[in-house]
file work_20.txt (compact mmCIF, C-alpha atoms and all ligand atoms)
# COMPACT_ATOMS: atom_id res chain seq x y z
CA MET A 1 0.00 0.00 0.00
CA ALA A 2 1.40 3.40 -0.95
CA GLU A 3 2.79 5.46 1.91
CA ALA A 4 0.57 8.47 1.14
CA GLY A 5 -2.56 6.35 1.01
CA ARG A 6 -1.90 4.99 4.46
CA ALA A 7 -1.88 8.30 6.29
CA GLY A 8 -5.67 8.44 6.57
CA HIS A 9 -5.94 4.99 8.08
CA PRO A 10 -6.40 4.22 11.75
CA ARG A 11 -3.15 4.42 13.67
CA LEU A 12 -2.02 1.31 15.45
CA LEU A 13 0.75 1.56 18.03
CA VAL A 14 2.77 -1.67 18.04
CA LEU A 15 4.88 -2.24 21.14
CA GLY A 16 8.13 -3.84 20.03
CA ALA A 17 9.75 -4.29 16.61
CA GLY A 18 11.92 -7.30 17.33
CA PRO A 19 11.74 -10.85 15.96
CA ALA A 20 8.59 -11.57 17.98
CA GLN A 21 6.73 -8.66 16.40
CA LEU A 22 7.78 -9.09 12.75
CA GLY A 23 4.75 -11.13 11.72
CA LEU A 24 2.19 -8.67 13.04
CA LEU A 25 4.11 -5.71 11.60
CA GLU A 26 4.13 -7.37 8.17
CA ALA A 27 0.44 -8.18 8.41
CA ALA A 28 -0.39 -4.59 9.44
CA ARG A 29 1.61 -3.23 6.55
CA ALA A 30 -0.51 -5.25 4.13
CA ARG A 31 -3.73 -3.81 5.58
CA ASP A 32 -5.51 -0.51 5.94
CA VAL A 33 -3.61 0.40 9.08
CA TYR A 34 -1.03 3.13 9.72
CA VAL A 35 1.63 1.59 11.93
CA ILE A 36 3.65 3.33 14.62
CA ALA A 37 6.26 0.92 15.97
CA ALA A 38 8.01 1.51 19.30
CA ASP A 39 11.27 -0.16 20.27
CA ARG A 40 14.21 1.06 22.31
CA ASP A 41 16.63 -0.57 19.87
CA PRO A 42 17.15 1.52 16.73
CA ALA A 43 18.41 -1.65 14.99
CA ALA A 44 15.22 -3.62 15.71
CA PRO A 45 14.46 -5.51 12.49
CA GLY A 46 10.76 -4.61 12.42
CA LEU A 47 11.18 -0.83 12.46
CA ARG A 48 11.60 -0.73 8.68
CA LEU A 49 8.09 -2.15 8.30
CA ALA A 50 6.45 0.73 10.18
CA ASP A 51 5.05 3.99 8.81
CA GLU A 52 6.48 5.75 11.84
CA ARG A 53 9.17 4.72 14.31
CA ALA A 54 9.57 5.70 17.97
CA ILE A 55 12.83 4.80 19.66
CA VAL A 56 11.49 4.28 23.16
CA SER A 57 11.35 1.37 25.58
CA THR A 58 8.05 -0.51 25.39
CA GLU A 59 8.28 -0.81 29.17
CA ASP A 60 8.47 2.97 29.71
CA GLU A 61 4.78 3.40 30.41
CA PRO A 62 4.70 7.22 30.73
CA ALA A 63 6.62 7.55 27.45
CA ILE A 64 4.28 5.09 25.67
CA GLU A 65 1.28 7.01 27.01
CA ARG A 66 2.68 10.35 25.79
CA LEU A 67 3.39 8.82 22.39
CA ALA A 68 -0.11 7.32 22.12
CA ARG A 69 -1.73 10.65 23.04
CA ALA A 70 0.49 12.79 20.84
CA ARG A 71 -0.05 10.59 17.80
CA GLY A 72 -3.78 10.08 18.37
CA VAL A 73 -3.57 6.32 18.03
CA ALA A 74 -6.74 4.25 17.60
CA GLY A 75 -5.35 1.13 19.24
CA ILE A 76 -2.31 -0.42 20.94
CA VAL A 77 -1.02 -3.97 20.70
CA SER A 78 1.84 -5.94 22.26
CA PRO A 79 2.43 -9.05 20.17
CA GLY A 80 4.87 -11.59 21.53
CA ALA A 81 5.99 -9.82 24.72
CA ASP A 82 4.35 -10.03 28.14
CA TRP A 83 5.12 -6.92 30.16
CA PRO A 84 4.01 -4.48 27.45
CA VAL A 85 0.63 -6.34 27.37
CA GLY A 86 -0.03 -4.58 30.69
CA VAL A 87 1.35 -1.28 29.41
CA ALA A 88 -0.93 -1.49 26.35
CA ALA A 89 -4.02 -2.29 28.43
CA ARG A 90 -3.42 0.46 31.01
CA VAL A 91 -2.60 3.13 28.45
CA ALA A 92 -5.61 2.13 26.31
CA GLU A 93 -7.83 2.38 29.37
CA ARG A 94 -6.51 5.83 30.32
CA LEU A 95 -6.98 7.08 26.77
CA GLY A 96 -10.43 5.55 26.42
CA LEU A 97 -9.35 3.39 23.49
CA PRO A 98 -11.04 0.10 22.66
CA HIS A 99 -8.88 -2.79 23.84
CA PRO A 100 -9.41 -6.54 24.15
CA LEU A 101 -8.13 -6.63 27.76
CA ASP A 102 -9.06 -4.39 30.66
CA ALA A 103 -6.20 -3.18 32.83
CA ALA A 104 -7.13 -5.42 35.78
CA THR A 105 -7.11 -8.56 33.64
CA ALA A 106 -3.81 -7.52 32.07
CA THR A 107 -2.32 -7.26 35.57
CA VAL A 108 -3.37 -10.85 36.27
CA VAL A 109 -2.04 -12.32 33.05
CA THR A 110 1.33 -10.55 33.26
CA SER A 111 2.11 -12.06 36.67
CA LYS A 112 2.91 -15.75 36.94
CA ALA A 113 1.98 -15.58 40.65
CA ARG A 114 -1.44 -13.97 40.13
CA GLN A 115 -2.22 -16.46 37.39
CA ARG A 116 -1.37 -19.30 39.74
CA GLU A 117 -3.78 -17.85 42.35
CA ARG A 118 -6.60 -17.50 39.82
CA PHE A 119 -6.01 -20.98 38.45
CA ALA A 120 -6.01 -22.47 41.96
CA ALA A 121 -9.27 -20.71 42.85
CA ALA A 122 -10.93 -21.95 39.65
CA GLY A 123 -9.55 -25.49 39.77
CA VAL A 124 -7.45 -25.10 36.60
CA PRO A 125 -4.87 -27.94 36.51
CA GLN A 126 -1.37 -26.54 37.04
CA PRO A 127 2.02 -27.47 38.52
CA ARG A 128 1.98 -27.87 42.28
CA SER A 129 3.47 -24.88 44.07
CA LEU A 130 6.30 -25.61 46.47
CA GLY A 131 6.92 -23.28 49.38
CA PRO A 132 10.10 -21.23 49.79
CA ALA A 133 11.67 -24.15 51.69
CA ALA A 134 11.03 -26.40 48.68
CA ASP A 135 12.59 -29.79 49.26
CA THR A 136 11.20 -31.63 46.23
CA PHE A 137 13.46 -32.09 43.21
CA PRO A 138 13.50 -31.57 40.35
CA SER A 139 11.69 -28.26 40.70
CA VAL A 140 11.40 -25.09 38.65
CA VAL A 141 12.24 -21.61 39.94
CA LYS A 142 11.05 -18.54 38.06
CA ALA A 143 10.71 -14.77 38.38
CA VAL A 144 7.01 -13.91 38.55
CA ASP A 145 7.14 -11.02 36.11
CA ARG A 146 9.63 -12.05 33.45
CA GLN A 147 9.34 -14.06 30.27
CA GLY A 148 11.58 -15.60 27.67
CA GLN A 149 13.28 -17.84 30.25
CA ARG A 150 14.91 -14.92 32.08
CA GLY A 151 15.39 -16.01 35.68
CA LEU A 152 13.99 -19.48 34.90
CA THR A 153 15.94 -22.50 36.23
CA LEU A 154 15.38 -26.23 36.43
CA VAL A 155 16.68 -27.21 39.88
CA GLU A 156 17.82 -30.82 40.09
CA ARG A 157 19.60 -30.84 43.47
CA ALA A 158 19.09 -29.11 46.82
CA GLU A 159 22.36 -27.18 46.59
CA ASP A 160 21.23 -25.56 43.33
CA LEU A 161 18.08 -24.05 44.82
CA GLY A 162 19.74 -21.03 46.48
CA PRO A 163 21.58 -19.87 43.34
CA ALA A 164 18.42 -20.41 41.25
CA VAL A 165 16.39 -18.25 43.63
CA ALA A 166 19.10 -15.57 43.58
CA ARG A 167 18.93 -15.59 39.79
CA ALA A 168 15.14 -15.28 39.79
CA VAL A 169 15.22 -12.44 42.33
CA GLY A 170 17.90 -10.69 40.29
CA GLU A 171 15.81 -10.85 37.12
CA SER A 172 12.44 -10.11 38.69
CA ARG A 173 11.06 -6.56 38.51
CA SER A 174 9.39 -6.90 41.89
CA GLY A 175 11.90 -9.27 43.48
CA ALA A 176 9.18 -11.92 43.66
CA TRP A 177 9.78 -15.49 42.51
CA LEU A 178 8.08 -18.83 42.73
CA VAL A 179 9.10 -22.45 42.90
CA GLU A 180 6.97 -25.31 41.64
CA GLU A 181 7.14 -28.98 40.75
CA LEU A 182 8.58 -29.97 37.39
CA VAL A 183 5.79 -31.45 35.31
CA GLU A 184 7.23 -34.24 33.17
CA GLY A 185 5.83 -35.04 29.76
CA PRO A 186 5.42 -33.44 26.36
CA GLU A 187 4.50 -29.78 26.06
CA VAL A 188 2.11 -28.13 23.66
CA THR A 189 1.10 -24.56 22.94
CA VAL A 190 -2.54 -23.70 22.39
CA ASN A 191 -2.93 -20.67 20.13
CA ALA A 192 -6.49 -19.44 20.43
CA PHE A 193 -8.74 -16.45 19.89
CA SER A 194 -11.61 -15.35 22.11
CA SER A 195 -14.71 -13.36 21.22
CA ASP A 196 -17.40 -12.44 23.75
CA GLY A 197 -15.83 -14.72 26.34
CA GLU A 198 -15.79 -17.73 24.07
CA LEU A 199 -12.38 -19.19 23.26
CA THR A 200 -11.80 -20.89 19.91
CA PRO A 201 -8.66 -23.02 19.83
CA LEU A 202 -6.71 -22.66 16.57
CA THR A 203 -3.33 -24.39 16.32
CA VAL A 204 -2.20 -26.76 19.07
CA THR A 205 1.53 -27.18 18.43
CA ASP A 206 4.22 -29.37 19.99
CA ARG A 207 6.79 -27.24 21.75
CA LEU A 208 10.14 -28.97 21.31
CA THR A 209 12.51 -27.53 23.89
CA ALA A 210 16.25 -27.40 24.52
CA GLU A 211 18.05 -29.29 27.26
CA PRO A 212 19.35 -27.54 30.41
CA PRO A 213 20.99 -25.07 30.82
CA ALA A 214 18.65 -23.77 28.11
CA PHE A 215 15.70 -25.25 30.01
CA GLY A 216 12.34 -24.29 28.51
CA VAL A 217 13.74 -22.59 25.38
CA ALA A 218 11.64 -23.56 22.34
CA LEU A 219 13.62 -24.94 19.40
CA ALA A 220 10.55 -25.78 17.29
CA HIS A 221 6.77 -25.48 17.22
CA VAL A 222 5.23 -28.32 15.21
CA TRP A 223 1.66 -28.72 13.95
CA PRO A 224 -0.38 -30.78 14.26
CA SER A 225 0.56 -31.99 17.72
CA GLU A 226 1.24 -35.68 18.27
CA HIS A 227 -0.42 -35.42 21.66
CA ASP A 228 -3.89 -34.89 23.10
CA SER A 229 -4.79 -31.56 21.49
CA ALA A 230 -8.36 -31.64 22.75
CA ALA A 231 -7.29 -32.00 26.38
CA ALA A 232 -4.75 -29.19 25.98
CA ALA A 233 -7.32 -26.91 24.31
CA GLU A 234 -9.76 -27.52 27.15
CA ALA A 235 -7.06 -26.62 29.69
CA ALA A 236 -6.39 -23.40 27.76
CA ARG A 237 -10.10 -22.60 27.73
CA VAL A 238 -10.55 -22.94 31.49
CA ALA A 239 -7.29 -21.03 32.07
CA ALA A 240 -8.48 -18.08 29.97
CA ALA A 241 -11.83 -18.09 31.76
CA ALA A 242 -10.12 -18.16 35.17
CA ALA A 243 -7.81 -15.29 34.23
CA GLY A 244 -10.77 -13.27 32.91
CA VAL A 245 -9.67 -13.05 29.26
CA ARG A 246 -12.79 -12.55 27.13
CA ARG A 247 -11.43 -11.16 23.88
CA GLY A 248 -8.38 -11.41 21.68
CA PRO A 249 -5.57 -13.89 21.24
CA THR A 250 -4.22 -16.22 23.92
CA TYR A 251 -1.07 -18.31 23.95
CA THR A 252 -1.17 -21.09 26.53
CA GLN A 253 1.67 -23.47 27.34
CA VAL A 254 0.41 -26.82 28.59
CA ARG A 255 2.43 -29.83 29.75
CA LEU A 256 0.69 -33.15 29.27
CA GLY A 257 1.82 -34.80 32.48
CA PRO A 258 1.25 -38.31 33.78
CA ASP A 259 -1.84 -37.05 35.65
CA GLY A 260 -3.23 -35.03 32.75
CA PRO A 261 -2.69 -31.52 31.39
CA ARG A 262 -1.05 -28.84 33.52
CA VAL A 263 -1.16 -25.18 32.53
CA ILE A 264 2.36 -23.77 32.70
CA GLU A 265 1.43 -20.23 31.64
CA LEU A 266 -1.21 -18.26 29.79
CA ALA A 267 -0.38 -15.12 27.83
CA ALA A 268 -3.14 -12.82 26.54
CA ARG A 269 -1.36 -12.05 23.30
CA LEU A 270 0.07 -13.64 20.19
CA GLY A 271 2.96 -16.04 20.74
CA GLY A 272 6.45 -14.65 20.23
CA GLY A 273 7.72 -17.55 18.11
CA HIS A 274 5.95 -16.68 14.85
CA ASP A 275 2.93 -18.59 16.14
CA ALA A 276 0.41 -16.47 14.23
CA GLU A 277 2.23 -17.06 10.96
CA LEU A 278 2.40 -20.76 11.74
CA CYS A 279 -1.37 -20.66 12.34
CA GLU A 280 -1.92 -19.04 8.97
CA ALA A 281 0.34 -21.61 7.25
CA ALA A 282 -1.39 -24.48 9.04
CA LEU A 283 -5.05 -23.49 9.01
CA GLY A 284 -5.28 -20.50 6.70
CA VAL A 285 -6.54 -18.39 9.62
CA ASP A 286 -5.17 -14.83 9.68
CA LEU A 287 -4.40 -14.70 13.39
CA ASN A 288 -2.24 -11.57 13.04
CA GLY A 289 -5.18 -9.84 11.34
CA LEU A 290 -7.52 -10.93 14.13
CA ALA A 291 -5.15 -9.47 16.72
CA ILE A 292 -4.90 -6.20 14.78
CA ASP A 293 -8.68 -5.94 14.51
CA ALA A 294 -9.10 -6.68 18.22
CA ALA A 295 -6.59 -3.95 19.10
CA LEU A 296 -8.49 -1.45 16.95
CA GLY A 297 -11.85 -2.42 18.45
CA ARG A 298 -13.07 -3.84 15.17
CA ASN A 299 -15.37 -6.80 15.25
CA ALA A 300 -14.02 -9.91 13.67
CA GLY A 301 -15.69 -10.46 10.30
CA ASP A 302 -17.84 -13.42 9.34
CA SER A 303 -16.34 -16.77 10.36
CA PRO A 304 -12.74 -15.49 10.47
CA LEU A 305 -11.83 -18.58 12.41
CA LEU A 306 -12.54 -20.86 9.47
CA GLY A 307 -9.38 -21.35 7.47
CA GLN A 308 -9.12 -21.12 3.71
CA SER A 309 -6.27 -23.43 2.76
CA PRO A 310 -5.17 -25.78 5.48
CA SER A 311 -1.88 -27.66 5.17
CA GLY A 312 -1.18 -31.23 6.25
CA GLY A 313 1.62 -30.10 8.50
CA ALA A 314 3.51 -26.91 9.38
CA CYS A 315 6.26 -25.89 11.75
CA VAL A 316 8.62 -23.20 12.93
CA VAL A 317 12.20 -24.31 13.58
CA PHE A 318 14.50 -21.85 15.32
CA LEU A 319 18.08 -21.26 14.20
CA VAL A 320 20.89 -21.32 16.74
CA ALA A 321 24.29 -19.74 16.07
CA PRO A 322 27.63 -20.63 17.64
CA ALA A 323 28.84 -18.19 20.32
CA GLY A 324 30.93 -15.29 19.06
CA ILE A 325 30.68 -12.06 17.09
CA LEU A 326 28.55 -12.44 13.98
CA GLN A 327 30.45 -11.73 10.78
CA ALA A 328 28.11 -13.02 8.11
CA VAL A 329 24.98 -15.06 7.57
CA GLU A 330 25.33 -17.37 4.57
CA GLY A 331 22.90 -19.59 2.70
CA LEU A 332 19.70 -17.69 3.49
CA ASP A 333 18.50 -17.52 -0.13
CA GLU A 334 19.20 -21.17 -0.75
CA ALA A 335 17.50 -22.14 2.52
CA ALA A 336 14.42 -20.12 1.55
CA SER A 337 14.21 -21.70 -1.91
CA LEU A 338 13.92 -25.29 -0.66
CA PRO A 339 10.56 -27.09 -0.99
CA GLY A 340 7.89 -26.15 1.52
CA ILE A 341 9.77 -23.20 2.98
CA ARG A 342 7.62 -20.09 3.47
CA TRP A 343 10.45 -17.94 4.79
CA VAL A 344 13.79 -17.98 6.57
CA ARG A 345 14.70 -15.16 8.94
CA SER A 346 17.97 -14.18 10.53
CA TYR A 347 17.27 -12.01 13.56
CA ARG A 348 20.70 -10.41 13.74
CA THR A 349 23.12 -8.47 11.59
CA PRO A 350 26.94 -8.53 11.59
CA GLY A 351 28.48 -7.21 14.78
CA TRP A 352 25.92 -8.93 17.02
CA ARG A 353 27.46 -10.91 19.86
CA PHE A 354 25.97 -14.38 20.32
CA GLY A 355 26.43 -15.96 23.72
CA PRO A 356 25.67 -19.59 24.46
CA LEU A 357 21.99 -20.61 24.15
CA ARG A 358 20.32 -19.94 27.49
CA ARG A 359 17.01 -18.22 26.73
CA GLY A 360 14.68 -17.42 23.87
CA ALA A 361 16.42 -14.16 23.00
CA ASP A 362 19.65 -16.08 22.27
CA ARG A 363 18.09 -17.72 19.21
CA ALA A 364 19.47 -16.51 15.89
CA GLY A 365 16.56 -16.88 13.50
CA ALA A 366 13.75 -19.13 12.32
CA VAL A 367 12.33 -21.09 9.40
CA LEU A 368 8.61 -21.52 8.63
CA ALA A 369 7.81 -24.66 6.64
CA VAL A 370 4.74 -26.57 5.45
CA GLY A 371 4.53 -30.21 4.37
CA ASP A 372 2.25 -33.15 3.71
CA ASP A 373 2.20 -33.88 7.43
CA ARG A 374 4.02 -32.76 10.56
CA ASP A 375 7.07 -34.96 10.00
CA ASP A 376 7.42 -33.80 6.42
CA ALA A 377 7.18 -30.14 7.49
CA LEU A 378 9.74 -30.72 10.25
CA ALA A 379 12.18 -32.54 7.95
CA ARG A 380 11.91 -29.74 5.38
CA ALA A 381 12.45 -27.04 8.01
CA ARG A 382 15.48 -28.85 9.43
CA ARG A 383 17.00 -29.30 5.99
CA SER A 384 16.53 -25.59 5.36
CA ALA A 385 17.95 -24.66 8.78
CA GLU A 386 21.09 -26.72 8.08
CA THR A 387 21.69 -24.67 4.94
CA VAL A 388 22.03 -21.44 6.93
CA ARG A 389 25.51 -20.68 8.28
CA PHE A 390 26.22 -18.12 10.96
CA VAL A 391 29.88 -17.18 10.54
CA VAL A 392 31.20 -15.90 13.86
CA GLY A 393 34.57 -14.59 14.96
CA ALA A 394 36.28 -14.98 18.29
CA ASP A 395 34.67 -13.00 21.09
CA VAL A 396 36.99 -10.29 22.37
CA VAL A 397 36.48 -9.87 26.10
N1 LIG B 401 6.62 -26.34 36.31
C1 LIG B 401 7.13 -26.66 35.13
N2 LIG B 401 7.18 -27.94 34.73
C2 LIG B 401 7.70 -28.28 33.52
N3 LIG B 401 8.20 -27.40 32.66
C3 LIG B 401 8.19 -26.10 33.00
C4 LIG B 401 7.64 -25.65 34.23
N4 LIG B 401 7.76 -24.31 34.27
C5 LIG B 401 8.35 -23.94 33.12
N5 LIG B 401 8.62 -25.00 32.35
C6 LIG B 401 9.28 -25.01 31.02
O1 LIG B 401 9.87 -23.75 30.79
C7 LIG B 401 9.21 -23.06 29.73
C8 LIG B 401 9.06 -21.59 30.06
O2 LIG B 401 8.31 -21.46 31.26
P1 LIG B 401 7.55 -20.11 31.63
O3 LIG B 401 6.94 -20.27 32.96
O4 LIG B 401 6.65 -19.72 30.51
O5 LIG B 401 8.72 -19.04 31.73
P2 LIG B 401 9.04 -17.87 30.68
O6 LIG B 401 7.79 -17.05 30.64
O7 LIG B 401 10.23 -17.19 31.24
O8 LIG B 401 9.31 -18.53 29.37
C9 LIG B 401 7.88 -23.77 29.58
O9 LIG B 401 7.37 -23.63 28.27
C10 LIG B 401 8.28 -25.20 29.91
O10 LIG B 401 8.95 -25.80 28.82
MG MG B 402 6.26 -17.89 29.43
call {"tool": "encode", "arguments": {"input": "work_20.txt", "output": "structure tokens", "more": "lines below"}}
Ligand SMILES: Nc1ncnc2c1ncn2[C@@H]1O[C@H](COP(=O)(O)OP(=O)(O)O)[C@@H](O)[C@H]1O
Ligand SMILES: [Mg+2]
result
Amino acid sequence: MAEAGRAGHPRLLVLGAGPAQLGLLEAARARDVYVIAADRDPAAPGLRLADERAIVSTEDEPAIERLARARGVAGIVSPGADWPVGVAARVAERLGLPHPLDAATATVVTSKARQRERFAAAGVPQPRSLGPAADTFPSVVKAVDRQGQRGLTLVERAEDLGPAVARAVGESRSGAWLVEELVEGPEVTVNAFSSDGELTPLTVTDRLTAEPPAFGVALAHVWPSEHDSAAAAEAARVAAAAAGVRRGPTYTQVRLGPDGPRVIELAARLGGGHDAELCEAALGVDLNGLAIDAALGRNAGDSPLLGQSPSGGACVVFLVAPAGILQAVEGLDEAASLPGIRWVRSYRTPGWRFGPLRRGADRAGAVLAVGDDRDDALARARRSAETVRFVVGADVV
């Protein structure tokens, strides 16, 4: 859409322009929306997709509020990042903008501790909480108000509990942390969309995760799941109801444990691992578009949750680079040209310093693939991922 033609369109403020926001920014660009993207990093890859850029932290609530007022935005959205979900909801409420979440609900969903309380009160199945003197191992320690595996540790022995708690406290905004049982078993993500309090599950994907010390970091999302999608979707539905989410997208991580599903976390937003694009590739449902419409207070059109061109299988596989200073990314075009590959993205440009893989933000890129079935999609994505080479130089300390 021509730049000039876009100026008259409703203004959408998108919080974040990093890898997790690229899909929504691309979708907004293809629609009748004028996009203002905010990110504190001037090199954020999504800024080039916006009509207007604001170099500001998405966590700086007063600055986001000033920006929203000054630019007369019609809606605010935080795709793929948790804390700004609360910023978006509170600023929208103060400005009287339509918004899928009220501020009180946003406060619940952006705190792992408040979610746990709501889930307990409503009988939503979840990991058992262990007290501060937790003596059950393995256990999981996490900061209540962080995401992306910051401050998250799998604790296998008693002597590792203290350091894990110190890490969680160090990462937490409030200093608060929690410790809970490790739920064994496969993990799925339920990507869903709610209207008028009714949740419709879309893609249920297998979350394939890294081994410790990168505990919990997703290396692939694969559709359809090999596991009990219906049970996971039901857990996501009761979790959203307990948290009070009535409209908009939800992203719910569910472990299918020996005693049934356990809700690890619910986020009232799009997933940050290209989940909406995976949904579109899998089911033909424009989940990014649904999230944009919800943020602008538009009603979803007729049957938007019925897909147009479903695939047999689809997946996102993340790319991981060796540690060091990035010098070049090779093989991207070839990787993208292989059968079934929708796109290949490198998140970083030369000069970026990769550390060892510890959390989601350490990932280097991603591939979106479709196939005849899940295994075909996964094999194609992996073949494509192997074609990409991150050339790194020695890290100068
Ligand atoms: N109690 C638990 N039992 C099993 N796995 C867990 C548990 N808590 C977290 N995980 C794993 O860690 C991942 C991230 O957990 P989460 O609580 O969402 O932290 P973050 O928001 O920092 O990513 C989950 O997707 C899951 O793989
Ligand atoms: Mg999480």
call {"tool": "residues_near_ligand", "arguments": {"input": "work_20.txt", "ligand": "ligand LIG 401 (chain B)", "cutoff": "7 Å", "atoms": "only C-alpha atoms and all ligand atoms", "output": "VMD selection string"}}
result
chain A and resid 127 139 to 140 142 146 to 152 180 to 184 187 209 215 to 217 253 255 264 to 265
call {"tool": "closest_residue", "arguments": {"input": "work_20.txt", "among": "A:Thr58, A:Ser78, A:Ser229, A:Ser172", "to": "Pro100 in chain A", "atoms": "only C-alpha atoms"}}
result
A:Ser78
call {"tool": "closest_residue", "arguments": {"input": "work_20.txt", "among": "A:Asp373, A:Pro125, A:Thr203, A:Val392", "to": "Arg348 in chain A", "atoms": "only C-alpha atoms"}}
result
A:Val392
call {"tool": "closest_residue", "arguments": {"input": "work_20.txt", "among": "A:Ala218, A:Ala166, A:Leu95, A:Ala120", "to": "ligand MG 402 (chain B)", "atoms": "only C-alpha atoms and all ligand atoms"}}
result
A:Ala218
call {"tool": "residues_around", "arguments": {"input": "work_20.txt", "residues": "Pro79 in chain A", "least_positions_apart": "3", "cutoff": "8 Å", "atoms": "only C-alpha atoms", "output": "short mmCIF file (atom, residue, chain, number, x, y, z; two decimals) with C-alpha atoms, in the frame of the given file"}}
result
data_model
loop_
_atom_site.label_atom_id
_atom_site.label_comp_id
_atom_site.auth_asym_id
_atom_site.auth_seq_id
_atom_site.Cartn_x
_atom_site.Cartn_y
_atom_site.Cartn_z
CA VAL A 14 2.77 -1.67 18.04
CA LEU A 15 4.88 -2.24 21.14
CA GLY A 16 8.13 -3.84 20.03
CA ALA A 20 8.59 -11.57 17.98
CA GLN A 21 6.73 -8.66 16.40
CA LEU A 24 2.19 -8.67 13.04
CA VAL A 85 0.63 -6.34 27.37
CA ARG A 269 -1.36 -12.05 23.30
CA LEU A 270 0.07 -13.64 20.19
CA GLY A 271 2.96 -16.04 20.74
CA GLY A 272 6.45 -14.65 20.23
#
call {"tool": "closest_residue", "arguments": {"input": "work_20.txt", "among": "A:Arg48, A:Arg11, A:His221, A:Arg382", "to": "Val77 in chain A", "atoms": "only C-alpha atoms"}}
result
A:Arg11
call {"tool": "residues_around", "arguments": {"input": "work_20.txt", "residues": "range 309-324 of chain A", "least_positions_apart": "6", "cutoff": "9 Å", "atoms": "all atoms listed in the file", "output": "JSON list (two decimals) with C-alpha atoms, in the frame of the given file"}}
result
[["chain", "number", "residue", "atom", "x", "y", "z"],
["A", 205, "THR", "CA", 1.53, -27.18, 18.43],
["A", 218, "ALA", "CA", 11.64, -23.56, 22.34],
["A", 219, "LEU", "CA", 13.62, -24.94, 19.40],
["A", 220, "ALA", "CA", 10.55, -25.78, 17.29],
["A", 221, "HIS", "CA", 6.77, -25.48, 17.22],
["A", 222, "VAL", "CA", 5.23, -28.32, 15.21],
["A", 223, "TRP", "CA", 1.66, -28.72, 13.95],
["A", 224, "PRO", "CA", -0.38, -30.78, 14.26],
["A", 273, "GLY", "CA", 7.72, -17.55, 18.11],
["A", 274, "HIS", "CA", 5.95, -16.68, 14.85],
["A", 275, "ASP", "CA", 2.93, -18.59, 16.14],
["A", 278, "LEU", "CA", 2.40, -20.76, 11.74],
["A", 279, "CYS", "CA", -1.37, -20.66, 12.34],
["A", 280, "GLU", "CA", -1.92, -19.04, 8.97],
["A", 281, "ALA", "CA", 0.34, -21.61, 7.25],
["A", 282, "ALA", "CA", -1.39, -24.48, 9.04],
["A", 283, "LEU", "CA", -5.05, -23.49, 9.01],
["A", 284, "GLY", "CA", -5.28, -20.50, 6.70],
["A", 285, "VAL", "CA", -6.54, -18.39, 9.62],
["A", 345, "ARG", "CA", 14.70, -15.16, 8.94],
["A", 346, "SER", "CA", 17.97, -14.18, 10.53],
["A", 352, "TRP", "CA", 25.92, -8.93, 17.02],
["A", 353, "ARG", "CA", 27.46, -10.91, 19.86],
["A", 354, "PHE", "CA", 25.97, -14.38, 20.32],
["A", 355, "GLY", "CA", 26.43, -15.96, 23.72],
["A", 356, "PRO", "CA", 25.67, -19.59, 24.46],
["A", 357, "LEU", "CA", 21.99, -20.61, 24.15],
["A", 362, "ASP", "CA", 19.65, -16.08, 22.27],
["A", 363, "ARG", "CA", 18.09, -17.72, 19.21],
["A", 364, "ALA", "CA", 19.47, -16.51, 15.89],
["A", 365, "GLY", "CA", 16.56, -16.88, 13.50],
["A", 366, "ALA", "CA", 13.75, -19.13, 12.32],
["A", 367, "VAL", "CA", 12.33, -21.09, 9.40],
["A", 368, "LEU", "CA", 8.61, -21.52, 8.63],
["A", 369, "ALA", "CA", 7.81, -24.66, 6.64],
["A", 370, "VAL", "CA", 4.74, -26.57, 5.45],
["A", 371, "GLY", "CA", 4.53, -30.21, 4.37],
["A", 372, "ASP", "CA", 2.25, -33.15, 3.71],
["A", 373, "ASP", "CA", 2.20, -33.88, 7.43],
["A", 374, "ARG", "CA", 4.02, -32.76, 10.56],
["A", 375, "ASP", "CA", 7.07, -34.96, 10.00],
["A", 376, "ASP", "CA", 7.42, -33.80, 6.42],
["A", 377, "ALA", "CA", 7.18, -30.14, 7.49],
["A", 378, "LEU", "CA", 9.74, -30.72, 10.25],
["A", 381, "ALA", "CA", 12.45, -27.04, 8.01],
["A", 382, "ARG", "CA", 15.48, -28.85, 9.43],
["A", 385, "ALA", "CA", 17.95, -24.66, 8.78],
["A", 386, "GLU", "CA", 21.09, -26.72, 8.08],
["A", 388, "VAL", "CA", 22.03, -21.44, 6.93],
["A", 389, "ARG", "CA", 25.51, -20.68, 8.28],
["A", 390, "PHE", "CA", 26.22, -18.12, 10.96],
["A", 391, "VAL", "CA", 29.88, -17.18, 10.54],
["A", 392, "VAL", "CA", 31.20, -15.90, 13.86],
["A", 393, "GLY", "CA", 34.57, -14.59, 14.96],
["A", 394, "ALA", "CA", 36.28, -14.98, 18.29],
["A", 395, "ASP", "CA", 34.67, -13.00, 21.09],
["A", 396, "VAL", "CA", 36.99, -10.29, 22.37]]
call {"tool": "closest_residue", "arguments": {"input": "work_20.txt", "among": "A:Val190, A:Ala63, A:Ala335, A:Leu266", "to": "ligand MG 402 (chain B)", "atoms": "all atoms listed in the file"}}
result
A:Leu266
call {"tool": "closest_residue", "arguments": {"input": "work_20.txt", "among": "A:Pro201, A:Asp206, A:Leu13, A:Ser194", "to": "Pro84 in chain A", "atoms": "all atoms listed in the file"}}
result
A:Leu13
call {"tool": "axis_aligned_box", "arguments": {"input": "work_20.txt", "around": "range 192-205 of chain A", "padding_each_side": "5 Å", "output": "JSON"}}
result
{"center_x": -7.9, "center_y": -19.8, "center_z": 21.3, "size_x": 28.9, "size_y": 24.7, "size_z": 20.0}
